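What follows is the content of upload.cif (mmCIF, N, CA, C and O atoms).
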```
data_start
#
loop_
_atom_site.label_atom_id
_atom_site.label_comp_id
_atom_site.auth_asym_id
_atom_site.auth_seq_id
_atom_site.Cartn_x
_atom_site.Cartn_y
_atom_site.Cartn_z
N MET H 1 109.20 52.69 108.08
CA MET H 1 108.12 52.95 107.17
C MET H 1 107.47 54.26 107.53
O MET H 1 107.43 54.64 108.68
N GLN H 2 106.90 54.90 106.53
CA GLN H 2 106.31 56.19 106.76
C GLN H 2 104.92 56.22 106.15
O GLN H 2 104.71 55.79 105.04
N SER H 3 103.97 56.73 106.91
CA SER H 3 102.61 56.82 106.41
C SER H 3 102.47 58.07 105.58
O SER H 3 102.94 59.14 105.95
N LYS H 4 101.78 57.95 104.44
CA LYS H 4 101.58 59.10 103.56
C LYS H 4 100.26 59.79 103.86
O LYS H 4 100.06 60.91 103.47
N GLY H 5 99.32 59.14 104.51
CA GLY H 5 98.05 59.77 104.79
C GLY H 5 96.98 58.72 105.00
O GLY H 5 97.23 57.53 104.95
N HIS H 6 95.75 59.18 105.22
CA HIS H 6 94.65 58.25 105.46
C HIS H 6 94.38 57.41 104.22
O HIS H 6 94.23 57.92 103.13
N GLY H 7 94.31 56.11 104.40
CA GLY H 7 93.96 55.21 103.32
C GLY H 7 95.06 54.93 102.32
O GLY H 7 94.88 54.16 101.40
N GLU H 8 96.21 55.59 102.45
CA GLU H 8 97.31 55.35 101.51
C GLU H 8 98.26 54.32 102.11
O GLU H 8 98.36 54.17 103.32
N GLU H 9 98.95 53.62 101.24
CA GLU H 9 99.88 52.59 101.68
C GLU H 9 101.08 53.19 102.37
O GLU H 9 101.49 54.30 102.09
N HIS H 10 101.66 52.40 103.26
CA HIS H 10 102.94 52.78 103.85
C HIS H 10 104.02 52.51 102.81
O HIS H 10 103.93 51.58 102.04
N ARG H 11 105.04 53.36 102.80
CA ARG H 11 106.15 53.09 101.88
C ARG H 11 107.46 53.42 102.56
O ARG H 11 107.54 54.28 103.40
N PHE H 12 108.45 52.68 102.17
CA PHE H 12 109.78 52.85 102.71
C PHE H 12 110.43 54.05 102.03
O PHE H 12 110.46 54.13 100.82
N GLU H 13 110.92 54.99 102.81
CA GLU H 13 111.62 56.15 102.25
C GLU H 13 113.08 55.75 102.01
O GLU H 13 113.84 55.57 102.95
N GLU H 14 113.42 55.63 100.76
CA GLU H 14 114.75 55.21 100.35
C GLU H 14 115.69 56.41 100.38
O GLU H 14 115.33 57.50 99.94
N ALA H 15 116.90 56.23 100.88
CA ALA H 15 117.90 57.30 100.89
C ALA H 15 118.19 57.73 99.45
O ALA H 15 118.23 56.89 98.56
N PRO H 16 118.40 59.03 99.21
CA PRO H 16 118.61 59.53 97.84
C PRO H 16 119.75 58.83 97.11
O PRO H 16 119.64 58.54 95.92
N GLU H 17 120.84 58.52 97.80
CA GLU H 17 121.97 57.89 97.12
C GLU H 17 121.63 56.46 96.68
O GLU H 17 122.08 56.00 95.63
N TYR H 18 120.80 55.75 97.48
CA TYR H 18 120.38 54.40 97.08
C TYR H 18 119.38 54.46 95.93
O TYR H 18 119.41 53.62 95.03
N ARG H 19 118.52 55.44 95.99
CA ARG H 19 117.55 55.63 94.92
C ARG H 19 118.26 55.95 93.60
O ARG H 19 117.94 55.40 92.55
N ALA H 20 119.26 56.83 93.64
CA ALA H 20 120.04 57.18 92.45
C ALA H 20 120.78 55.95 91.92
O ALA H 20 120.81 55.72 90.70
N ALA H 21 121.35 55.15 92.81
CA ALA H 21 122.07 53.94 92.38
C ALA H 21 121.11 52.95 91.72
O ALA H 21 121.45 52.33 90.71
N ARG H 22 119.91 52.82 92.27
CA ARG H 22 118.92 51.92 91.68
C ARG H 22 118.50 52.40 90.29
O ARG H 22 118.37 51.60 89.36
N LEU H 23 118.35 53.70 90.11
CA LEU H 23 117.98 54.25 88.80
C LEU H 23 119.12 54.10 87.80
O LEU H 23 118.90 53.79 86.63
N ARG H 24 120.37 54.31 88.25
CA ARG H 24 121.53 54.09 87.37
C ARG H 24 121.59 52.64 86.91
O ARG H 24 121.87 52.35 85.75
N ARG H 25 121.31 51.72 87.84
CA ARG H 25 121.31 50.30 87.49
C ARG H 25 120.21 50.00 86.48
O ARG H 25 120.41 49.24 85.53
N ALA H 26 119.05 50.61 86.64
CA ALA H 26 117.95 50.40 85.68
C ALA H 26 118.36 50.88 84.29
O ALA H 26 118.08 50.20 83.29
N LEU H 27 119.05 52.01 84.20
CA LEU H 27 119.51 52.50 82.90
C LEU H 27 120.57 51.58 82.30
O LEU H 27 120.63 51.40 81.09
N ALA H 28 121.41 51.00 83.15
CA ALA H 28 122.46 50.10 82.66
C ALA H 28 121.90 48.77 82.21
O ALA H 28 122.39 48.18 81.24
N GLU H 29 120.85 48.28 82.87
CA GLU H 29 120.33 46.95 82.58
C GLU H 29 119.24 46.93 81.52
O GLU H 29 118.99 45.88 80.93
N ASP H 30 118.60 48.04 81.27
CA ASP H 30 117.53 48.07 80.26
C ASP H 30 118.16 48.02 78.87
O ASP H 30 119.05 48.81 78.56
N PRO H 31 117.70 47.11 77.99
CA PRO H 31 118.30 46.99 76.65
C PRO H 31 118.09 48.23 75.77
O PRO H 31 118.85 48.44 74.84
N ARG H 32 117.12 49.06 76.10
CA ARG H 32 116.91 50.29 75.31
C ARG H 32 117.97 51.33 75.59
O ARG H 32 118.23 52.21 74.77
N THR H 33 118.58 51.26 76.76
CA THR H 33 119.57 52.26 77.13
C THR H 33 120.95 51.67 77.35
O THR H 33 121.92 52.18 76.82
N ALA H 34 121.05 50.60 78.13
CA ALA H 34 122.33 49.93 78.41
C ALA H 34 123.46 50.94 78.61
O ALA H 34 124.52 50.84 78.00
N GLU H 35 123.22 51.90 79.46
CA GLU H 35 124.16 53.01 79.63
C GLU H 35 124.77 53.00 81.02
O GLU H 35 124.06 53.03 82.02
N LEU H 36 126.10 52.98 81.08
CA LEU H 36 126.80 52.99 82.36
C LEU H 36 127.41 54.35 82.69
O LEU H 36 127.73 54.62 83.83
N GLY H 37 127.59 55.20 81.70
CA GLY H 37 128.34 56.44 81.91
C GLY H 37 127.54 57.67 82.26
O GLY H 37 128.03 58.77 82.12
N LEU H 38 126.34 57.51 82.76
CA LEU H 38 125.52 58.67 83.11
C LEU H 38 125.52 58.89 84.61
O LEU H 38 125.63 57.95 85.39
N GLN H 39 125.36 60.14 84.99
CA GLN H 39 125.23 60.48 86.40
C GLN H 39 123.76 60.68 86.71
O GLN H 39 123.03 61.30 85.93
N VAL H 40 123.31 60.16 87.83
CA VAL H 40 121.94 60.35 88.30
C VAL H 40 122.02 60.90 89.71
O VAL H 40 122.66 60.31 90.58
N ASP H 41 121.38 62.03 89.92
CA ASP H 41 121.34 62.66 91.24
C ASP H 41 119.87 62.82 91.61
O ASP H 41 119.09 63.34 90.81
N VAL H 42 119.49 62.33 92.78
CA VAL H 42 118.09 62.42 93.22
C VAL H 42 118.00 63.38 94.39
O VAL H 42 118.75 63.27 95.35
N ARG H 43 117.07 64.34 94.25
CA ARG H 43 116.78 65.30 95.32
C ARG H 43 115.28 65.38 95.47
O ARG H 43 114.60 65.93 94.61
N GLY H 44 114.77 64.80 96.52
CA GLY H 44 113.32 64.78 96.73
C GLY H 44 112.65 63.97 95.63
O GLY H 44 113.02 62.83 95.39
N GLU H 45 111.70 64.57 94.96
CA GLU H 45 111.00 63.90 93.86
C GLU H 45 111.54 64.33 92.50
O GLU H 45 110.83 64.28 91.50
N HIS H 46 112.80 64.77 92.46
CA HIS H 46 113.45 65.20 91.23
C HIS H 46 114.69 64.35 90.99
O HIS H 46 115.46 64.10 91.91
N ALA H 47 114.85 63.93 89.73
CA ALA H 47 116.06 63.20 89.33
C ALA H 47 116.76 64.03 88.26
O ALA H 47 116.13 64.49 87.31
N TYR H 48 118.06 64.22 88.42
CA TYR H 48 118.84 65.01 87.48
C TYR H 48 119.80 64.07 86.76
O TYR H 48 120.61 63.40 87.41
N LEU H 49 119.68 64.02 85.44
CA LEU H 49 120.56 63.19 84.61
C LEU H 49 121.60 64.06 83.94
O LEU H 49 121.28 65.14 83.43
N SER H 50 122.83 63.58 83.90
CA SER H 50 123.88 64.28 83.16
C SER H 50 124.82 63.26 82.54
O SER H 50 124.90 62.12 82.99
N GLY H 51 125.50 63.67 81.51
CA GLY H 51 126.42 62.80 80.78
C GLY H 51 126.30 63.08 79.30
O GLY H 51 125.82 64.12 78.88
N THR H 52 126.74 62.12 78.50
CA THR H 52 126.75 62.27 77.05
C THR H 52 126.25 61.00 76.40
O THR H 52 126.62 59.90 76.82
N VAL H 53 125.40 61.15 75.38
CA VAL H 53 124.92 60.03 74.57
C VAL H 53 125.09 60.38 73.10
O VAL H 53 125.36 61.52 72.74
N SER H 54 124.86 59.38 72.23
CA SER H 54 125.16 59.54 70.81
C SER H 54 123.99 60.01 69.95
O SER H 54 124.19 60.32 68.79
N SER H 55 122.75 60.08 70.50
CA SER H 55 121.64 60.53 69.67
C SER H 55 120.49 61.06 70.53
O SER H 55 120.38 60.70 71.71
N GLN H 56 119.64 61.86 69.91
CA GLN H 56 118.47 62.38 70.61
C GLN H 56 117.51 61.26 70.97
O GLN H 56 116.90 61.26 72.04
N GLU H 57 117.37 60.27 70.09
CA GLU H 57 116.49 59.13 70.35
C GLU H 57 116.93 58.38 71.61
O GLU H 57 116.12 57.96 72.42
N TYR H 58 118.24 58.21 71.74
CA TYR H 58 118.80 57.54 72.90
C TYR H 58 118.49 58.35 74.17
O TYR H 58 118.09 57.80 75.19
N LYS H 59 118.65 59.66 74.08
CA LYS H 59 118.36 60.55 75.21
C LYS H 59 116.89 60.42 75.62
O LYS H 59 116.58 60.35 76.80
N ASP H 60 116.00 60.36 74.64
CA ASP H 60 114.57 60.21 74.93
C ASP H 60 114.26 58.89 75.63
O ASP H 60 113.38 58.83 76.49
N GLN H 61 114.98 57.83 75.28
CA GLN H 61 114.77 56.52 75.92
C GLN H 61 115.12 56.57 77.40
O GLN H 61 114.52 55.86 78.21
N LEU H 62 116.09 57.40 77.76
CA LEU H 62 116.47 57.53 79.17
C LEU H 62 115.28 57.99 80.00
O LEU H 62 115.00 57.44 81.07
N ASP H 63 114.56 58.99 79.49
CA ASP H 63 113.36 59.48 80.19
C ASP H 63 112.33 58.38 80.34
O ASP H 63 111.74 58.20 81.41
N LYS H 64 112.10 57.62 79.28
CA LYS H 64 111.10 56.55 79.31
C LYS H 64 111.42 55.51 80.37
O LYS H 64 110.55 55.09 81.13
N VAL H 65 112.68 55.09 80.41
CA VAL H 65 113.08 54.07 81.38
C VAL H 65 112.89 54.58 82.81
O VAL H 65 112.35 53.88 83.66
N LEU H 66 113.30 55.82 83.07
CA LEU H 66 113.15 56.35 84.43
C LEU H 66 111.69 56.53 84.81
O LEU H 66 111.30 56.25 85.94
N HIS H 67 110.86 56.98 83.87
CA HIS H 67 109.44 57.14 84.17
C HIS H 67 108.76 55.79 84.42
O HIS H 67 107.83 55.71 85.21
N GLU H 68 109.23 54.73 83.77
CA GLU H 68 108.69 53.40 84.04
C GLU H 68 109.09 52.94 85.44
O GLU H 68 108.31 52.27 86.12
N GLN H 69 110.29 53.28 85.86
CA GLN H 69 110.76 52.89 87.20
C GLN H 69 110.02 53.67 88.29
O GLN H 69 109.65 53.09 89.30
N GLU H 70 109.85 54.96 88.07
CA GLU H 70 109.21 55.83 89.06
C GLU H 70 108.38 56.89 88.34
O GLU H 70 108.87 57.97 88.06
N PRO H 71 107.11 56.58 88.06
CA PRO H 71 106.26 57.48 87.28
C PRO H 71 106.06 58.86 87.89
O PRO H 71 105.86 59.83 87.18
N HIS H 72 106.13 58.98 89.21
CA HIS H 72 105.90 60.26 89.89
C HIS H 72 107.14 61.14 89.93
O HIS H 72 107.06 62.31 90.27
N LEU H 73 108.29 60.60 89.56
CA LEU H 73 109.55 61.32 89.64
C LEU H 73 109.66 62.34 88.51
O LEU H 73 109.35 62.04 87.36
N ARG H 74 110.06 63.55 88.81
CA ARG H 74 110.26 64.58 87.79
C ARG H 74 111.72 64.49 87.33
O ARG H 74 112.64 64.69 88.10
N VAL H 75 111.89 64.18 86.03
CA VAL H 75 113.23 63.96 85.47
C VAL H 75 113.71 65.23 84.78
O VAL H 75 113.01 65.79 83.94
N HIS H 76 114.91 65.65 85.14
CA HIS H 76 115.58 66.79 84.49
C HIS H 76 116.73 66.18 83.68
O HIS H 76 117.76 65.82 84.23
N ASN H 77 116.50 66.06 82.39
CA ASN H 77 117.45 65.37 81.52
C ASN H 77 118.41 66.39 80.90
O ASN H 77 118.10 67.02 79.90
N ASP H 78 119.58 66.53 81.52
CA ASP H 78 120.61 67.45 81.03
C ASP H 78 121.70 66.71 80.27
O ASP H 78 122.84 67.18 80.19
N VAL H 79 121.36 65.54 79.74
CA VAL H 79 122.31 64.74 78.98
C VAL H 79 122.58 65.42 77.64
O VAL H 79 121.66 65.89 76.98
N ARG H 80 123.85 65.53 77.28
CA ARG H 80 124.23 66.14 76.01
C ARG H 80 124.26 65.09 74.92
O ARG H 80 124.65 63.95 75.15
N VAL H 81 123.86 65.50 73.72
CA VAL H 81 123.90 64.62 72.56
C VAL H 81 125.12 65.01 71.73
O VAL H 81 125.25 66.16 71.31
N VAL H 82 126.03 64.06 71.55
CA VAL H 82 127.22 64.26 70.73
C VAL H 82 127.19 63.19 69.65
O VAL H 82 127.44 62.02 69.92
N GLU H 83 126.80 63.62 68.45
CA GLU H 83 126.71 62.66 67.35
C GLU H 83 128.10 62.39 66.80
O GLU H 83 128.87 63.30 66.55
N VAL H 84 128.38 61.12 66.61
CA VAL H 84 129.68 60.70 66.11
C VAL H 84 129.57 60.48 64.61
O VAL H 84 128.70 59.75 64.14
N ALA H 85 130.43 61.15 63.87
CA ALA H 85 130.43 61.01 62.40
C ALA H 85 131.86 60.76 61.94
O ALA H 85 132.82 61.11 62.61
N GLU H 86 131.97 60.16 60.77
CA GLU H 86 133.30 59.95 60.21
C GLU H 86 133.89 61.28 59.76
O GLU H 86 133.16 62.16 59.31
N PRO H 87 135.21 61.43 59.86
CA PRO H 87 135.83 62.67 59.39
C PRO H 87 135.65 62.80 57.87
O PRO H 87 135.56 61.80 57.16
N PRO H 88 135.59 64.04 57.37
CA PRO H 88 135.35 64.24 55.94
C PRO H 88 136.49 63.76 55.04
O PRO H 88 136.29 63.49 53.88
N HIS H 89 137.69 63.63 55.58
CA HIS H 89 138.83 63.14 54.80
C HIS H 89 139.73 62.31 55.69
O HIS H 89 139.64 62.35 56.91
N SER H 90 140.59 61.49 55.09
CA SER H 90 141.48 60.65 55.88
C SER H 90 142.64 61.46 56.43
O SER H 90 143.10 62.41 55.84
N GLU H 91 143.07 60.99 57.59
CA GLU H 91 144.20 61.63 58.23
C GLU H 91 145.48 61.04 57.66
O GLU H 91 145.60 59.82 57.48
N VAL H 92 146.45 61.91 57.38
CA VAL H 92 147.74 61.46 56.85
C VAL H 92 148.76 61.54 57.98
O VAL H 92 148.99 62.60 58.56
N LEU H 93 149.34 60.39 58.30
CA LEU H 93 150.38 60.36 59.34
C LEU H 93 151.74 60.45 58.68
O LEU H 93 152.02 59.79 57.71
N ARG H 94 152.59 61.26 59.24
CA ARG H 94 153.95 61.43 58.67
C ARG H 94 154.99 61.01 59.66
O ARG H 94 154.90 61.07 60.79
#
```
Turn the structure described in the file into structure tokens.
Amino acid sequence: MQSKGHGEEHRFEEAPEYRAARLRRALAEDPRTAELGLQVDVRGEHAYLSGTVSSQEYKDQLDKVLHEQEPHLRVHNDVRVVEVAEPPHSEVLR
């Protein structure tokens, strides 16, 4: 345990890889995101997200879930949005 200062609670300093795994699990288990294919890298009080999702709304939910888990964490959301649409015409196989 590590003391943060006078009058503040002691807190366990979690290793960055365990912290990242816990945040990935939160994104996978939360019904708003239910995402397994994202990368989470934690460095100090910064979390870096990368991967691909299908909409901007979905990307925004990732930030919300992480901020609920750790409000003090600064999230760098580098997730790309790739919208999936039907092709304009049918493919002809020969």
- Query: If you measure from CA of His46 in chain H to CA of Val82 in chain H, what distance in Å do you get, rounded to one decimal?
  - Reply: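 Taking CA of His46 in chain H and CA of Val82 in chain H, their separation equals 24.7 Å.
The shortest atom-to-atom distance to Tyr48 in chain H, with only C-alpha atoms taken into account, belongs to H:His76 out of H:His89, H:His76, H:His67, H:Arg25.
Atom to atom, CA of Glu70 in chain H and CA of Ser50 in chain H stand 17.9 Å apart.
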- One decimal, Å: what's the distance from CA of Arg74 in chain H over to CA of Ser54 in chain H, could you say?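 These two atoms are separated by 23.1 Å.
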Determine which residues of range 10-66 of chain H receive a DSSP assignment of strand (DSSP E or B), computed from the backbone, and state them as a compact mmCIF listing (two decimals) with N, CA, C and O atoms, keeping the file's coordinate frame.
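What follows is the written file selection.txt:
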```
# COMPACT_ATOMS: atom_id res chain seq x y z
N HIS H 10 101.66 52.40 103.26
CA HIS H 10 102.94 52.78 103.85
C HIS H 10 104.02 52.51 102.81
O HIS H 10 103.93 51.58 102.04
N ARG H 11 105.04 53.36 102.80
CA ARG H 11 106.15 53.09 101.88
C ARG H 11 107.46 53.42 102.56
O ARG H 11 107.54 54.28 103.40
N GLN H 39 125.36 60.14 84.99
CA GLN H 39 125.23 60.48 86.40
C GLN H 39 123.76 60.68 86.71
O GLN H 39 123.03 61.30 85.93
N VAL H 40 123.31 60.16 87.83
CA VAL H 40 121.94 60.35 88.30
C VAL H 40 122.02 60.90 89.71
O VAL H 40 122.66 60.31 90.58
N ASP H 41 121.38 62.03 89.92
CA ASP H 41 121.34 62.66 91.24
C ASP H 41 119.87 62.82 91.61
O ASP H 41 119.09 63.34 90.81
N VAL H 42 119.49 62.33 92.78
CA VAL H 42 118.09 62.42 93.22
C VAL H 42 118.00 63.38 94.39
O VAL H 42 118.75 63.27 95.35
N ARG H 43 117.07 64.34 94.25
CA ARG H 43 116.78 65.30 95.32
C ARG H 43 115.28 65.38 95.47
O ARG H 43 114.60 65.93 94.61
N HIS H 46 112.80 64.77 92.46
CA HIS H 46 113.45 65.20 91.23
C HIS H 46 114.69 64.35 90.99
O HIS H 46 115.46 64.10 91.91
N ALA H 47 114.85 63.93 89.73
CA ALA H 47 116.06 63.20 89.33
C ALA H 47 116.76 64.03 88.26
O ALA H 47 116.13 64.49 87.31
N TYR H 48 118.06 64.22 88.42
CA TYR H 48 118.84 65.01 87.48
C TYR H 48 119.80 64.07 86.76
O TYR H 48 120.61 63.40 87.41
N LEU H 49 119.68 64.02 85.44
CA LEU H 49 120.56 63.19 84.61
C LEU H 49 121.60 64.06 83.94
O LEU H 49 121.28 65.14 83.43
N SER H 50 122.83 63.58 83.90
CA SER H 50 123.88 64.28 83.16
C SER H 50 124.82 63.26 82.54
O SER H 50 124.90 62.12 82.99
N THR H 52 126.74 62.12 78.50
CA THR H 52 126.75 62.27 77.05
C THR H 52 126.25 61.00 76.40
O THR H 52 126.62 59.90 76.82
N VAL H 53 125.40 61.15 75.38
CA VAL H 53 124.92 60.03 74.57
C VAL H 53 125.09 60.38 73.10
O VAL H 53 125.36 61.52 72.74
```
- Message: Can you pull out the residues contacting Leu27 in chain H? Cut-off 8 Å, using only N, CA, C and O atoms, and skip same-chain residues under 4 positions away; I want them as a PyMOL selection string.
- Response: chain H and resi 20-23+31-37+61-62+65-66
- Message: With all atoms listed in the file as the counted atoms, please give the residues lying no more than 8 Å from Gln56 in chain H, apart from itself and same-chain residues fewer than 3 positions off, as a ChimeraX atom specification.
- Response: /H:53,59-62,79-83
- Task: Rank nothing, just name the residue among H:His72, H:Arg24, H:Arg94, H:Arg19 nearest to Leu49 in chain H, using only C-alpha atoms.
- Result: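 Smallest distance to Leu49 in chain H is found for H:Arg24.
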- Would you please extract all helix (DSSP H, G or I) residues from range 40-82 of chain H, as assigned by DSSP on the backbone, and give them as a list in words?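 Result set for range 40-82 of chain H (helix (DSSP H, G or I)): Gln56, Glu57, Tyr58, Lys59, Asp60, Gln61, Leu62, Asp63, Lys64, Val65, Leu66, His67, Glu68 and Gln69 of chain H.
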